[in-house]
file protein_17.cif (mmCIF, C-alpha atoms, pLDDT in the B column; chains and numbers go by the auth columns)
data_my_file
#
loop_
_atom_site.group_PDB
_atom_site.id
_atom_site.type_symbol
_atom_site.label_atom_id
_atom_site.label_comp_id
_atom_site.label_asym_id
_atom_site.label_seq_id
_atom_site.Cartn_x
_atom_site.Cartn_y
_atom_site.Cartn_z
_atom_site.B_iso_or_equiv
_atom_site.auth_seq_id
_atom_site.auth_asym_id
ATOM 1 C CA MET A 1 0.000 0.000 0.000 79.00 1 A
ATOM 2 C CA ASN A 2 1.315 3.478 -0.876 84.00 2 A
ATOM 3 C CA TYR A 3 0.990 6.407 1.490 86.00 3 A
ATOM 4 C CA PRO A 4 1.324 9.819 -0.203 85.00 4 A
ATOM 5 C CA LEU A 5 3.381 12.400 1.656 88.00 5 A
ATOM 6 C CA GLU A 6 3.406 16.124 0.966 94.00 6 A
ATOM 7 C CA PRO A 7 6.278 18.338 2.154 97.00 7 A
ATOM 8 C CA ILE A 8 5.136 21.073 4.506 97.00 8 A
ATOM 9 C CA ALA A 9 8.168 23.333 4.105 98.00 9 A
ATOM 10 C CA LEU A 10 11.625 23.886 2.597 98.00 10 A
ATOM 11 C CA ILE A 11 14.769 24.538 4.590 98.00 11 A
ATOM 12 C CA HIS A 12 17.300 27.070 3.310 97.00 12 A
ATOM 13 C CA THR A 13 20.895 26.443 4.374 96.00 13 A
ATOM 14 C CA PRO A 14 24.353 27.552 3.196 95.00 14 A
ATOM 15 C CA PHE A 15 25.101 24.004 1.963 95.00 15 A
ATOM 16 C CA LYS A 16 24.592 23.805 -1.800 93.00 16 A
ATOM 17 C CA GLU A 17 25.970 20.292 -2.331 91.00 17 A
ATOM 18 C CA LYS A 18 26.416 17.043 -0.458 91.00 18 A
ATOM 19 C CA PHE A 19 30.206 17.386 -0.188 90.00 19 A
ATOM 20 C CA ALA A 20 31.226 19.102 3.087 90.00 20 A
ATOM 21 C CA THR A 21 27.674 19.134 4.444 91.00 21 A
ATOM 22 C CA PRO A 22 27.926 17.939 8.084 90.00 22 A
ATOM 23 C CA ARG A 23 27.013 14.286 8.439 86.00 23 A
ATOM 24 C CA GLN A 24 25.098 14.821 11.664 90.00 24 A
ATOM 25 C CA PRO A 25 23.193 17.764 13.191 92.00 25 A
ATOM 26 C CA GLY A 26 24.775 20.043 15.754 91.00 26 A
ATOM 27 C CA LEU A 27 28.365 19.572 14.557 91.00 27 A
ATOM 28 C CA VAL A 28 28.458 23.063 13.025 92.00 28 A
ATOM 29 C CA PRO A 29 26.549 25.394 15.383 92.00 29 A
ATOM 30 C CA SER A 30 27.603 28.473 13.397 92.00 30 A
ATOM 31 C CA VAL A 31 25.194 27.435 10.635 92.00 31 A
ATOM 32 C CA HIS A 32 21.798 29.110 10.826 95.00 32 A
ATOM 33 C CA ALA A 33 19.046 27.897 8.518 97.00 33 A
ATOM 34 C CA GLN A 34 15.534 29.098 7.733 98.00 34 A
ATOM 35 C CA ILE A 35 12.505 26.852 7.352 98.00 35 A
ATOM 36 C CA ASP A 36 9.769 28.370 5.195 98.00 36 A
ATOM 37 C CA PHE A 37 6.344 26.734 5.348 97.00 37 A
ATOM 38 C CA HIS A 38 4.438 26.107 2.145 96.00 38 A
ATOM 39 C CA PRO A 39 1.015 27.717 1.559 93.00 39 A
ATOM 40 C CA GLY A 40 -1.631 25.637 3.253 92.00 40 A
ATOM 41 C CA PHE A 41 0.752 24.765 6.098 95.00 41 A
ATOM 42 C CA ALA A 42 1.867 28.347 6.862 91.00 42 A
ATOM 43 C CA THR A 43 -0.690 29.004 9.558 92.00 43 A
ATOM 44 C CA PRO A 44 0.118 30.566 12.951 92.00 44 A
ATOM 45 C CA GLU A 45 -2.269 28.129 14.623 94.00 45 A
ATOM 46 C CA ALA A 46 -0.107 25.171 13.555 94.00 46 A
ATOM 47 C CA ILE A 47 2.944 26.474 15.436 95.00 47 A
ATOM 48 C CA ARG A 48 1.118 27.674 18.546 95.00 48 A
ATOM 49 C CA GLY A 49 3.148 26.668 21.606 96.00 49 A
ATOM 50 C CA LEU A 50 6.287 25.895 19.625 96.00 50 A
ATOM 51 C CA GLU A 51 8.084 28.831 21.257 96.00 51 A
ATOM 52 C CA GLY A 52 8.198 26.847 24.493 97.00 52 A
ATOM 53 C CA PHE A 53 10.638 24.296 23.042 97.00 53 A
ATOM 54 C CA SER A 54 14.360 24.880 22.582 98.00 54 A
ATOM 55 C CA HIS A 55 14.927 22.104 20.023 98.00 55 A
ATOM 56 C CA LEU A 56 12.999 20.460 17.200 98.00 56 A
ATOM 57 C CA TRP A 57 13.022 17.222 15.243 98.00 57 A
ATOM 58 C CA LEU A 58 13.027 17.738 11.492 98.00 58 A
ATOM 59 C CA ILE A 59 11.734 14.852 9.388 98.00 59 A
ATOM 60 C CA PHE A 60 12.891 15.390 5.839 97.00 60 A
ATOM 61 C CA LEU A 61 13.281 13.836 2.407 95.00 61 A
ATOM 62 C CA PHE A 62 16.663 12.973 0.889 92.00 62 A
ATOM 63 C CA HIS A 63 15.534 14.706 -2.277 89.00 63 A
ATOM 64 C CA GLN A 64 18.772 14.420 -4.270 85.00 64 A
ATOM 65 C CA ASN A 65 18.899 10.614 -4.256 80.00 65 A
ATOM 66 C CA TRP A 66 15.352 9.375 -3.678 71.00 66 A
ATOM 67 C CA GLN A 67 15.217 7.780 -7.148 75.00 67 A
ATOM 68 C CA LYS A 68 18.604 6.049 -6.889 80.00 68 A
ATOM 69 C CA GLY A 69 17.346 3.063 -4.937 84.00 69 A
ATOM 70 C CA TRP A 70 18.944 1.391 -1.942 88.00 70 A
ATOM 71 C CA GLN A 71 21.163 -1.494 -0.873 88.00 71 A
ATOM 72 C CA PRO A 72 20.907 -3.706 2.222 92.00 72 A
ATOM 73 C CA THR A 73 24.473 -2.806 3.283 94.00 73 A
ATOM 74 C CA VAL A 74 26.420 0.466 3.250 89.00 74 A
ATOM 75 C CA ARG A 75 29.939 1.663 4.129 88.00 75 A
ATOM 76 C CA PRO A 76 29.682 4.390 6.813 84.00 76 A
ATOM 77 C CA PRO A 77 32.346 7.134 6.788 79.00 77 A
ATOM 78 C CA ARG A 78 32.791 6.599 10.544 79.00 78 A
ATOM 79 C CA LEU A 79 34.239 3.170 9.706 81.00 79 A
ATOM 80 C CA GLY A 80 36.632 4.595 7.156 76.00 80 A
ATOM 81 C CA GLY A 81 34.332 3.884 4.219 78.00 81 A
ATOM 82 C CA LYS A 82 35.660 0.312 3.977 80.00 82 A
ATOM 83 C CA GLN A 83 33.589 -1.795 6.369 89.00 83 A
ATOM 84 C CA ARG A 84 29.972 -2.653 5.520 93.00 84 A
ATOM 85 C CA VAL A 85 27.059 -2.633 7.933 93.00 85 A
ATOM 86 C CA GLY A 86 23.335 -3.064 7.434 93.00 86 A
ATOM 87 C CA VAL A 87 21.516 -0.011 6.135 91.00 87 A
ATOM 88 C CA TYR A 88 19.303 -0.030 9.244 92.00 88 A
ATOM 89 C CA ALA A 89 22.453 0.215 11.395 91.00 89 A
ATOM 90 C CA SER A 90 23.422 3.410 9.581 89.00 90 A
ATOM 91 C CA ARG A 91 22.138 6.851 8.727 87.00 91 A
ATOM 92 C CA SER A 92 22.875 6.473 5.041 87.00 92 A
ATOM 93 C CA PRO A 93 20.604 8.533 2.755 89.00 93 A
ATOM 94 C CA PHE A 94 20.230 5.504 0.448 89.00 94 A
ATOM 95 C CA ARG A 95 17.329 3.833 2.258 90.00 95 A
ATOM 96 C CA PRO A 96 14.171 1.925 1.253 91.00 96 A
ATOM 97 C CA ASN A 97 12.289 5.110 2.111 91.00 97 A
ATOM 98 C CA PRO A 98 14.691 8.090 1.795 90.00 98 A
ATOM 99 C CA VAL A 99 13.591 9.846 4.974 94.00 99 A
ATOM 100 C CA GLY A 100 15.960 11.551 7.406 95.00 100 A
ATOM 101 C CA LEU A 101 15.723 12.810 10.973 96.00 101 A
ATOM 102 C CA SER A 102 17.671 15.716 12.493 97.00 102 A
ATOM 103 C CA ALA A 103 17.529 17.540 15.815 97.00 103 A
ATOM 104 C CA VAL A 104 18.109 21.308 15.579 98.00 104 A
ATOM 105 C CA LYS A 105 17.985 24.244 17.962 98.00 105 A
ATOM 106 C CA LEU A 106 15.084 26.651 17.525 98.00 106 A
ATOM 107 C CA LEU A 107 16.322 30.252 17.501 98.00 107 A
ATOM 108 C CA ASP A 108 13.305 32.278 16.374 98.00 108 A
ATOM 109 C CA ILE A 109 9.820 32.151 14.885 97.00 109 A
ATOM 110 C CA HIS A 110 8.613 34.614 12.227 96.00 110 A
ATOM 111 C CA VAL A 111 4.951 35.181 11.324 95.00 111 A
ATOM 112 C CA ASP A 112 4.205 37.933 8.816 90.00 112 A
ATOM 113 C CA LYS A 113 1.236 38.397 6.486 84.00 113 A
ATOM 114 C CA GLY A 114 0.473 34.718 6.084 82.00 114 A
ATOM 115 C CA ASN A 115 4.126 33.646 5.922 92.00 115 A
ATOM 116 C CA VAL A 116 5.547 31.429 8.650 95.00 116 A
ATOM 117 C CA SER A 117 9.224 30.595 9.049 97.00 117 A
ATOM 118 C CA LEU A 118 11.541 29.184 11.686 98.00 118 A
ATOM 119 C CA LEU A 119 15.187 30.070 12.257 98.00 119 A
ATOM 120 C CA VAL A 120 17.203 27.082 13.476 98.00 120 A
ATOM 121 C CA GLU A 121 20.812 26.295 14.375 97.00 121 A
ATOM 122 C CA GLY A 122 23.034 23.319 13.602 95.00 122 A
ATOM 123 C CA ALA A 123 21.193 21.840 10.611 96.00 123 A
ATOM 124 C CA ASP A 124 22.953 19.190 8.514 95.00 124 A
ATOM 125 C CA LEU A 125 20.678 19.496 5.469 96.00 125 A
ATOM 126 C CA ILE A 126 21.397 20.571 1.906 95.00 126 A
ATOM 127 C CA ASP A 127 19.731 23.781 0.766 96.00 127 A
ATOM 128 C CA GLU A 128 16.065 23.409 -0.245 96.00 128 A
ATOM 129 C CA THR A 129 15.622 20.021 1.397 97.00 129 A
ATOM 130 C CA PRO A 130 11.880 19.259 1.665 97.00 130 A
ATOM 131 C CA ILE A 131 10.622 19.055 5.252 98.00 131 A
ATOM 132 C CA LEU A 132 7.937 16.408 5.786 97.00 132 A
ATOM 133 C CA ASP A 133 7.159 17.127 9.428 98.00 133 A
ATOM 134 C CA ILE A 134 8.355 19.009 12.502 98.00 134 A
ATOM 135 C CA LYS A 135 8.046 17.724 16.054 97.00 135 A
ATOM 136 C CA PRO A 136 9.191 19.198 19.366 97.00 136 A
ATOM 137 C CA TYR A 137 12.217 17.642 21.042 97.00 137 A
ATOM 138 C CA ILE A 138 11.121 16.294 24.447 96.00 138 A
ATOM 139 C CA PRO A 139 14.138 16.016 26.798 95.00 139 A
ATOM 140 C CA TYR A 140 12.700 13.458 29.231 94.00 140 A
ATOM 141 C CA SER A 141 11.858 10.962 26.485 94.00 141 A
ATOM 142 C CA ASP A 142 14.164 11.847 23.575 94.00 142 A
ATOM 143 C CA SER A 143 17.394 12.031 25.594 91.00 143 A
ATOM 144 C CA ILE A 144 18.633 8.629 26.787 87.00 144 A
ATOM 145 C CA PRO A 145 21.955 9.104 28.655 88.00 145 A
ATOM 146 C CA GLU A 146 22.692 5.360 28.915 89.00 146 A
ATOM 147 C CA ALA A 147 22.105 4.699 25.204 85.00 147 A
ATOM 148 C CA GLN A 148 24.880 2.949 23.268 88.00 148 A
ATOM 149 C CA GLY A 149 26.119 4.427 20.003 86.00 149 A
ATOM 150 C CA GLY A 150 27.605 1.364 18.306 84.00 150 A
ATOM 151 C CA PHE A 151 30.379 2.328 15.898 77.00 151 A
ATOM 152 C CA ALA A 152 29.380 6.016 16.275 79.00 152 A
ATOM 153 C CA GLU A 153 29.862 6.138 20.037 73.00 153 A
ATOM 154 C CA LYS A 154 32.134 9.194 20.126 76.00 154 A
ATOM 155 C CA THR A 155 31.243 12.703 19.000 74.00 155 A
ATOM 156 C CA PRO A 156 33.241 13.690 15.887 72.00 156 A
ATOM 157 C CA GLN A 157 35.878 16.274 16.708 70.00 157 A
ATOM 158 C CA ALA A 158 37.629 18.801 14.494 69.00 158 A
ATOM 159 C CA THR A 159 40.802 17.050 13.377 72.00 159 A
ATOM 160 C CA LEU A 160 42.379 19.751 11.219 85.00 160 A
ATOM 161 C CA LYS A 161 43.749 23.173 12.003 91.00 161 A
ATOM 162 C CA VAL A 162 42.308 25.587 9.450 94.00 162 A
ATOM 163 C CA GLU A 163 44.513 28.410 8.187 95.00 163 A
ATOM 164 C CA PHE A 164 44.049 31.047 5.481 96.00 164 A
ATOM 165 C CA THR A 165 46.508 32.260 2.875 96.00 165 A
ATOM 166 C CA GLU A 166 47.019 36.011 2.761 97.00 166 A
ATOM 167 C CA VAL A 167 44.855 36.187 -0.364 96.00 167 A
ATOM 168 C CA ALA A 168 42.047 34.209 1.277 96.00 168 A
ATOM 169 C CA ARG A 169 42.275 36.315 4.436 96.00 169 A
ATOM 170 C CA GLN A 170 41.910 39.532 2.429 96.00 170 A
ATOM 171 C CA GLN A 171 38.960 38.092 0.521 95.00 171 A
ATOM 172 C CA LEU A 172 37.306 36.977 3.756 94.00 172 A
ATOM 173 C CA GLN A 173 37.521 40.472 5.223 94.00 173 A
ATOM 174 C CA GLN A 174 35.545 41.814 2.261 93.00 174 A
ATOM 175 C CA TYR A 175 32.596 39.498 2.919 92.00 175 A
ATOM 176 C CA LEU A 176 32.287 39.539 6.716 88.00 176 A
ATOM 177 C CA SER A 177 29.856 42.469 6.688 89.00 177 A
ATOM 178 C CA GLU A 178 27.399 40.452 4.557 89.00 178 A
ATOM 179 C CA ALA A 179 28.186 37.072 6.135 89.00 179 A
ATOM 180 C CA PRO A 180 29.523 37.618 9.669 91.00 180 A
ATOM 181 C CA ARG A 181 29.614 33.876 10.490 91.00 181 A
ATOM 182 C CA LEU A 182 31.437 32.872 7.305 93.00 182 A
ATOM 183 C CA GLU A 183 34.875 32.434 8.892 94.00 183 A
ATOM 184 C CA LEU A 184 33.510 30.441 11.818 93.00 184 A
ATOM 185 C CA MET A 185 31.511 28.218 9.483 93.00 185 A
ATOM 186 C CA ILE A 186 34.568 27.574 7.311 94.00 186 A
ATOM 187 C CA ARG A 187 36.610 26.629 10.376 94.00 187 A
ATOM 188 C CA GLU A 188 33.909 24.368 11.835 92.00 188 A
ATOM 189 C CA VAL A 189 33.016 22.574 8.581 93.00 189 A
ATOM 190 C CA LEU A 190 36.474 22.139 7.100 93.00 190 A
ATOM 191 C CA GLY A 191 38.026 21.333 10.474 91.00 191 A
ATOM 192 C CA LEU A 192 35.962 18.116 10.446 88.00 192 A
ATOM 193 C CA ASP A 193 37.871 17.070 7.278 88.00 193 A
ATOM 194 C CA PRO A 194 35.065 16.637 4.709 88.00 194 A
ATOM 195 C CA ARG A 195 37.263 14.638 2.329 85.00 195 A
ATOM 196 C CA PRO A 196 36.316 11.031 1.461 79.00 196 A
ATOM 197 C CA ALA A 197 36.892 8.725 4.428 73.00 197 A
ATOM 198 C CA TYR A 198 39.823 6.927 2.819 72.00 198 A
ATOM 199 C CA ARG A 199 41.716 10.231 2.479 74.00 199 A
ATOM 200 C CA ARG A 200 41.223 11.451 6.025 70.00 200 A
ATOM 201 C CA GLY A 201 44.312 11.675 8.141 63.00 201 A
ATOM 202 C CA THR A 202 46.481 11.758 5.026 66.00 202 A
ATOM 203 C CA GLU A 203 48.275 14.439 3.068 66.00 203 A
ATOM 204 C CA ASP A 204 47.405 14.820 -0.589 74.00 204 A
ATOM 205 C CA SER A 205 48.095 17.367 -3.293 76.00 205 A
ATOM 206 C CA GLN A 206 44.542 17.592 -4.589 88.00 206 A
ATOM 207 C CA GLU A 207 42.744 20.919 -4.431 92.00 207 A
ATOM 208 C CA TYR A 208 39.220 20.745 -3.043 94.00 208 A
ATOM 209 C CA GLY A 209 36.351 23.123 -3.472 94.00 209 A
ATOM 210 C CA VAL A 210 32.861 23.549 -2.094 94.00 210 A
ATOM 211 C CA ARG A 211 30.144 26.175 -2.162 93.00 211 A
ATOM 212 C CA PHE A 212 28.940 27.650 1.120 91.00 212 A
ATOM 213 C CA ASP A 213 25.933 29.865 0.477 88.00 213 A
ATOM 214 C CA ASN A 214 27.154 32.242 -2.264 91.00 214 A
ATOM 215 C CA TYR A 215 30.873 31.630 -1.833 95.00 215 A
ATOM 216 C CA GLU A 216 33.192 29.126 -3.462 96.00 216 A
ATOM 217 C CA ILE A 217 35.831 27.938 -0.978 96.00 217 A
ATOM 218 C CA ARG A 218 39.004 26.228 -2.261 96.00 218 A
ATOM 219 C CA TRP A 219 41.614 24.551 -0.095 94.00 219 A
ATOM 220 C CA LYS A 220 44.370 21.944 0.205 92.00 220 A
ATOM 221 C CA ASN A 221 45.368 19.576 3.005 88.00 221 A
ATOM 222 C CA PHE A 222 48.870 19.354 4.451 84.00 222 A
ATOM 223 C CA GLN A 223 49.367 16.742 7.188 74.00 223 A
ATOM 224 C CA GLU A 224 47.091 17.855 10.054 78.00 224 A
ATOM 225 C CA LYS A 225 46.555 21.324 8.614 88.00 225 A
ATOM 226 C CA LEU A 226 44.116 22.674 6.056 91.00 226 A
ATOM 227 C CA ILE A 227 44.993 25.777 4.011 94.00 227 A
ATOM 228 C CA VAL A 228 42.190 27.860 2.505 96.00 228 A
ATOM 229 C CA ASP A 229 43.536 29.271 -0.771 96.00 229 A
ATOM 230 C CA SER A 230 40.619 31.383 -1.957 96.00 230 A
ATOM 231 C CA ILE A 231 37.095 32.561 -1.152 96.00 231 A
ATOM 232 C CA GLU A 232 35.242 33.795 -4.216 94.00 232 A
ATOM 233 C CA PRO A 233 31.634 35.054 -4.440 93.00 233 A
ATOM 234 C CA VAL A 234 29.468 32.968 -6.762 89.00 234 A
ATOM 235 C CA ASN A 235 27.040 35.814 -7.427 71.00 235 A
ATOM 236 C CA GLN A 236 26.009 39.151 -6.036 51.00 236 A
ATOM 237 C CA ASP A 237 22.996 37.859 -4.084 50.00 237 A
ATOM 238 C CA LEU A 238 24.808 37.684 -0.748 43.00 238 A
ATOM 239 C CA THR A 239 22.825 36.191 2.113 47.00 239 A
ATOM 240 C CA ALA A 240 24.044 36.237 5.716 45.00 240 A
ATOM 241 C CA TYR A 241 23.370 33.040 7.639 44.00 241 A
#
call {"tool": "encode", "arguments": {"input": "protein_17.cif", "output": "structure tokens"}}
result
Amino acid sequence: MNYPLEPIALIHTPFKEKFATPRQPGLVPSVHAQIDFHPGFATPEAIRGLEGFSHLWLIFLFHQNWQKGWQPTVRPPRLGGKQRVGVYASRSPFRPNPVGLSAVKLLDIHVDKGNVSLLVEGADLIDETPILDIKPYIPYSDSIPEAQGGFAEKTPQATLKVEFTEVARQQLQQYLSEAPRLELMIREVLGLDPRPAYRRGTEDSQEYGVRFDNYEIRWKNFQEKLIVDSIEPVNQDLTAY
């Protein structure tokens, strides 16, 4: 039996591609994202009482790979991308039903002329990810201190020291007025070493690039250090997250 689902909102984040997007929520607290409700779901009555909760569960659709199918086993990055586990023992986006779950911090609620939006912190979603549902995070039932985390027991820590070339530093200074959290976001995201799992902890000569919001960031890795070479605007529509 099929059960139709209709997204209630879209989330807008600085992450424009899968590469370098945090693999779990809360790892990059400098990232602020906005959830805009679709017409028909943008009603103040539907969010009444939400201001009393500090955190939310976002149930969302892995919209960039929902037609690519799934496999019963996957290779999680936390295991170096080499060891396979069952898909139900992972948070892989390639699932029988491509639905994800993320806990985020609620910063603000905006209601204006029929438009409803939420400002949240620490999202790990690609820009314009469809939101299927939103539920309040309930500390007494959703937090289980004695829970075991399997192969993901420890919280990922920043493993790389992020430095900027003189050119990149000068470029960064030009954009901080429009994007005041840009430097912090670069340090938090790239410090986690977003490279493929098999390259982590290694030195390589490849140049990497990723788009954060309206900026193209390019860098190289040297031992335990990451050097940002350039920060270039993609267009003139600068948005501060």
call {"tool": "resolve_selection", "arguments": {"input": "protein_17.cif", "expression": "the PyMOL selection byres ((chain A and resi 86) around 12)", "output": "ChimeraX atom specification"}}
result
/A:70-76,83-85,87-92,94-95
call {"tool": "resolve_selection", "arguments": {"input": "protein_17.cif", "expression": "the PyMOL selection byres ((chain A and resi 157-163) around 8)", "output": "PyMOL selection string"}}
result
chain A and resi 155-156+164-165+187-188+190-193+224-228
call {"tool": "resolve_selection", "arguments": {"input": "protein_17.cif", "expression": "the PyMOL selection byres ((chain A and resi 29-42) around 10)", "output": "number ranges by chain"}}
result
A: 7-15, 25-28, 43-47, 104-111, 114-125, 127-131, 181-189, 240-241
call {"tool": "write_last_selection", "arguments": {"input": "protein_17.cif", "atoms": "C-alpha atoms", "output": "JSON list (two decimals), keeping the file's coordinate frame"}}
result
[["chain", "number", "residue", "atom", "x", "y", "z"],
["A", 7, "PRO", "CA", 6.28, 18.34, 2.15],
["A", 8, "ILE", "CA", 5.14, 21.07, 4.51],
["A", 9, "ALA", "CA", 8.17, 23.33, 4.11],
["A", 10, "LEU", "CA", 11.62, 23.89, 2.60],
["A", 11, "ILE", "CA", 14.77, 24.54, 4.59],
["A", 12, "HIS", "CA", 17.30, 27.07, 3.31],
["A", 13, "THR", "CA", 20.90, 26.44, 4.37],
["A", 14, "PRO", "CA", 24.35, 27.55, 3.20],
["A", 15, "PHE", "CA", 25.10, 24.00, 1.96],
["A", 25, "PRO", "CA", 23.19, 17.76, 13.19],
["A", 26, "GLY", "CA", 24.78, 20.04, 15.75],
["A", 27, "LEU", "CA", 28.36, 19.57, 14.56],
["A", 28, "VAL", "CA", 28.46, 23.06, 13.02],
["A", 43, "THR", "CA", -0.69, 29.00, 9.56],
["A", 44, "PRO", "CA", 0.12, 30.57, 12.95],
["A", 45, "GLU", "CA", -2.27, 28.13, 14.62],
["A", 46, "ALA", "CA", -0.11, 25.17, 13.56],
["A", 47, "ILE", "CA", 2.94, 26.47, 15.44],
["A", 104, "VAL", "CA", 18.11, 21.31, 15.58],
["A", 105, "LYS", "CA", 17.98, 24.24, 17.96],
["A", 106, "LEU", "CA", 15.08, 26.65, 17.52],
["A", 107, "LEU", "CA", 16.32, 30.25, 17.50],
["A", 108, "ASP", "CA", 13.30, 32.28, 16.37],
["A", 109, "ILE", "CA", 9.82, 32.15, 14.88],
["A", 110, "HIS", "CA", 8.61, 34.61, 12.23],
["A", 111, "VAL", "CA", 4.95, 35.18, 11.32],
["A", 114, "GLY", "CA", 0.47, 34.72, 6.08],
["A", 115, "ASN", "CA", 4.13, 33.65, 5.92],
["A", 116, "VAL", "CA", 5.55, 31.43, 8.65],
["A", 117, "SER", "CA", 9.22, 30.60, 9.05],
["A", 118, "LEU", "CA", 11.54, 29.18, 11.69],
["A", 119, "LEU", "CA", 15.19, 30.07, 12.26],
["A", 120, "VAL", "CA", 17.20, 27.08, 13.48],
["A", 121, "GLU", "CA", 20.81, 26.30, 14.38],
["A", 122, "GLY", "CA", 23.03, 23.32, 13.60],
["A", 123, "ALA", "CA", 21.19, 21.84, 10.61],
["A", 124, "ASP", "CA", 22.95, 19.19, 8.51],
["A", 125, "LEU", "CA", 20.68, 19.50, 5.47],
["A", 127, "ASP", "CA", 19.73, 23.78, 0.77],
["A", 128, "GLU", "CA", 16.07, 23.41, -0.24],
["A", 129, "THR", "CA", 15.62, 20.02, 1.40],
["A", 130, "PRO", "CA", 11.88, 19.26, 1.66],
["A", 131, "ILE", "CA", 10.62, 19.06, 5.25],
["A", 181, "ARG", "CA", 29.61, 33.88, 10.49],
["A", 182, "LEU", "CA", 31.44, 32.87, 7.30],
["A", 183, "GLU", "CA", 34.88, 32.43, 8.89],
["A", 184, "LEU", "CA", 33.51, 30.44, 11.82],
["A", 185, "MET", "CA", 31.51, 28.22, 9.48],
["A", 186, "ILE", "CA", 34.57, 27.57, 7.31],
["A", 187, "ARG", "CA", 36.61, 26.63, 10.38],
["A", 188, "GLU", "CA", 33.91, 24.37, 11.84],
["A", 189, "VAL", "CA", 33.02, 22.57, 8.58],
["A", 240, "ALA", "CA", 24.04, 36.24, 5.72],
["A", 241, "TYR", "CA", 23.37, 33.04, 7.64]]
call {"tool": "closest_residue", "arguments": {"input": "protein_17.cif", "among": "A:Asn214, A:Lys220, A:Pro96, A:Leu50", "to": "Gly69 (chain A)", "atoms": "all atoms listed in the file"}}
result
A:Pro96
call {"tool": "closest_residue", "arguments": {"input": "protein_17.cif", "among": "A:Ala152, A:Ala20, A:Leu101, A:Ile126", "to": "Gln64 (chain A)", "atoms": "all atoms listed in the file"}}
result
A:Ile126
call {"tool": "atom_distance", "arguments": {"input": "protein_17.cif", "atom1": "CA of Glu17 (chain A)", "atom2": "CA of Phe212 (chain A)"}}
result
8.7 Å
call {"tool": "atom_distance", "arguments": {"input": "protein_17.cif", "atom1": "CA of Val234 (chain A)", "atom2": "CA of Arg195 (chain A)"}}
result
21.9 Å
call {"tool": "closest_residue", "arguments": {"input": "protein_17.cif", "among": "A:Tyr3, A:Tyr198, A:Trp66, A:Phe19", "to": "Leu79 (chain A)", "atoms": "only C-alpha atoms"}}
result
A:Tyr198
call {"tool": "axis_aligned_box", "arguments": {"input": "protein_17.cif", "around": "region 167-181 of chain A", "padding_each_side": "8 Å", "output": "lines of an AutoDock Vina configuration file"}}
result
center_x = 36.1
center_y = 38.2
center_z = 5.1
size_x = 33.5
size_y = 24.6
size_z = 26.9
call {"tool": "closest_residue", "arguments": {"input": "protein_17.cif", "among": "A:Val167, A:Arg199, A:Pro233, A:Gln24", "to": "Asn221 (chain A)", "atoms": "all atoms listed in the file"}}
result
A:Arg199
call {"tool": "closest_residue", "arguments": {"input": "protein_17.cif", "among": "A:Arg218, A:Arg78, A:His63, A:Arg48", "to": "Ala168 (chain A)", "atoms": "only C-alpha atoms"}}
result
A:Arg218
call {"tool": "atom_distance", "arguments": {"input": "protein_17.cif", "atom1": "CA of Pro194 (chain A)", "atom2": "CA of Leu56 (chain A)"}}
result
25.6 Å
call {"tool": "residues_near_point", "arguments": {"input": "protein_17.cif", "point": "(10.7, 21.8, 20.2)", "cutoff": "7 Å", "atoms": "only C-alpha atoms", "output": "list in words"}}
result
Leu50, Phe53, Ser54, His55, Leu56, Lys135, Pro136, Tyr137 and Ile138 of chain A
call {"tool": "closest_residue", "arguments": {"input": "protein_17.cif", "among": "A:Lys154, A:Tyr140, A:Lys18, A:Tyr208", "to": "Pro93 (chain A)", "atoms": "only C-alpha atoms"}}
result
A:Lys18
call {"tool": "decode", "arguments": {"input": "protein_17.cif", "residues": "region 173-182 of chain A", "atoms": "N, CA and C atoms", "output": "PDB file, in the first residue's frame"}}
result
ATOM      1  N   GLN A 173      37.823  39.197   4.593  1.00  0.00           N
ATOM      2  CA  GLN A 173      37.521  40.472   5.223  1.00  0.00           C
ATOM      3  C   GLN A 173      36.503  41.278   4.421  1.00  0.00           C
ATOM      4  N   GLN A 174      36.482  41.079   3.106  1.00  0.00           N
ATOM      5  CA  GLN A 174      35.545  41.814   2.261  1.00  0.00           C
ATOM      6  C   GLN A 174      34.106  41.348   2.461  1.00  0.00           C
ATOM      7  N   TYR A 175      33.934  40.089   2.883  1.00  0.00           N
ATOM      8  CA  TYR A 175      32.596  39.498   2.919  1.00  0.00           C
ATOM      9  C   TYR A 175      31.992  39.430   4.320  1.00  0.00           C
ATOM     10  N   LEU A 176      32.777  39.736   5.354  1.00  0.00           N
ATOM     11  CA  LEU A 176      32.287  39.539   6.716  1.00  0.00           C
ATOM     12  C   LEU A 176      31.107  40.450   7.054  1.00  0.00           C
ATOM     13  N   SER A 177      30.997  41.592   6.398  1.00  0.00           N
ATOM     14  CA  SER A 177      29.856  42.469   6.688  1.00  0.00           C
ATOM     15  C   SER A 177      28.557  41.851   6.203  1.00  0.00           C
ATOM     16  N   GLU A 178      28.595  41.116   5.071  1.00  0.00           N
ATOM     17  CA  GLU A 178      27.399  40.452   4.557  1.00  0.00           C
ATOM     18  C   GLU A 178      27.186  39.083   5.200  1.00  0.00           C
ATOM     19  N   ALA A 179      28.276  38.427   5.569  1.00  0.00           N
ATOM     20  CA  ALA A 179      28.186  37.072   6.135  1.00  0.00           C
ATOM     21  C   ALA A 179      29.088  36.988   7.358  1.00  0.00           C
ATOM     22  N   PRO A 180      28.650  37.521   8.487  1.00  0.00           N
ATOM     23  CA  PRO A 180      29.523  37.618   9.669  1.00  0.00           C
ATOM     24  C   PRO A 180      29.962  36.278  10.252  1.00  0.00           C
ATOM     25  N   ARG A 181      29.233  35.188   9.953  1.00  0.00           N
ATOM     26  CA  ARG A 181      29.614  33.876  10.490  1.00  0.00           C
ATOM     27  C   ARG A 181      30.396  33.033   9.489  1.00  0.00           C
ATOM     28  N   LEU A 182      30.794  33.642   8.362  1.00  0.00           N
ATOM     29  CA  LEU A 182      31.437  32.872   7.305  1.00  0.00           C
ATOM     30  C   LEU A 182      32.746  32.242   7.771  1.00  0.00           C
TER      31      LEU A 182
END
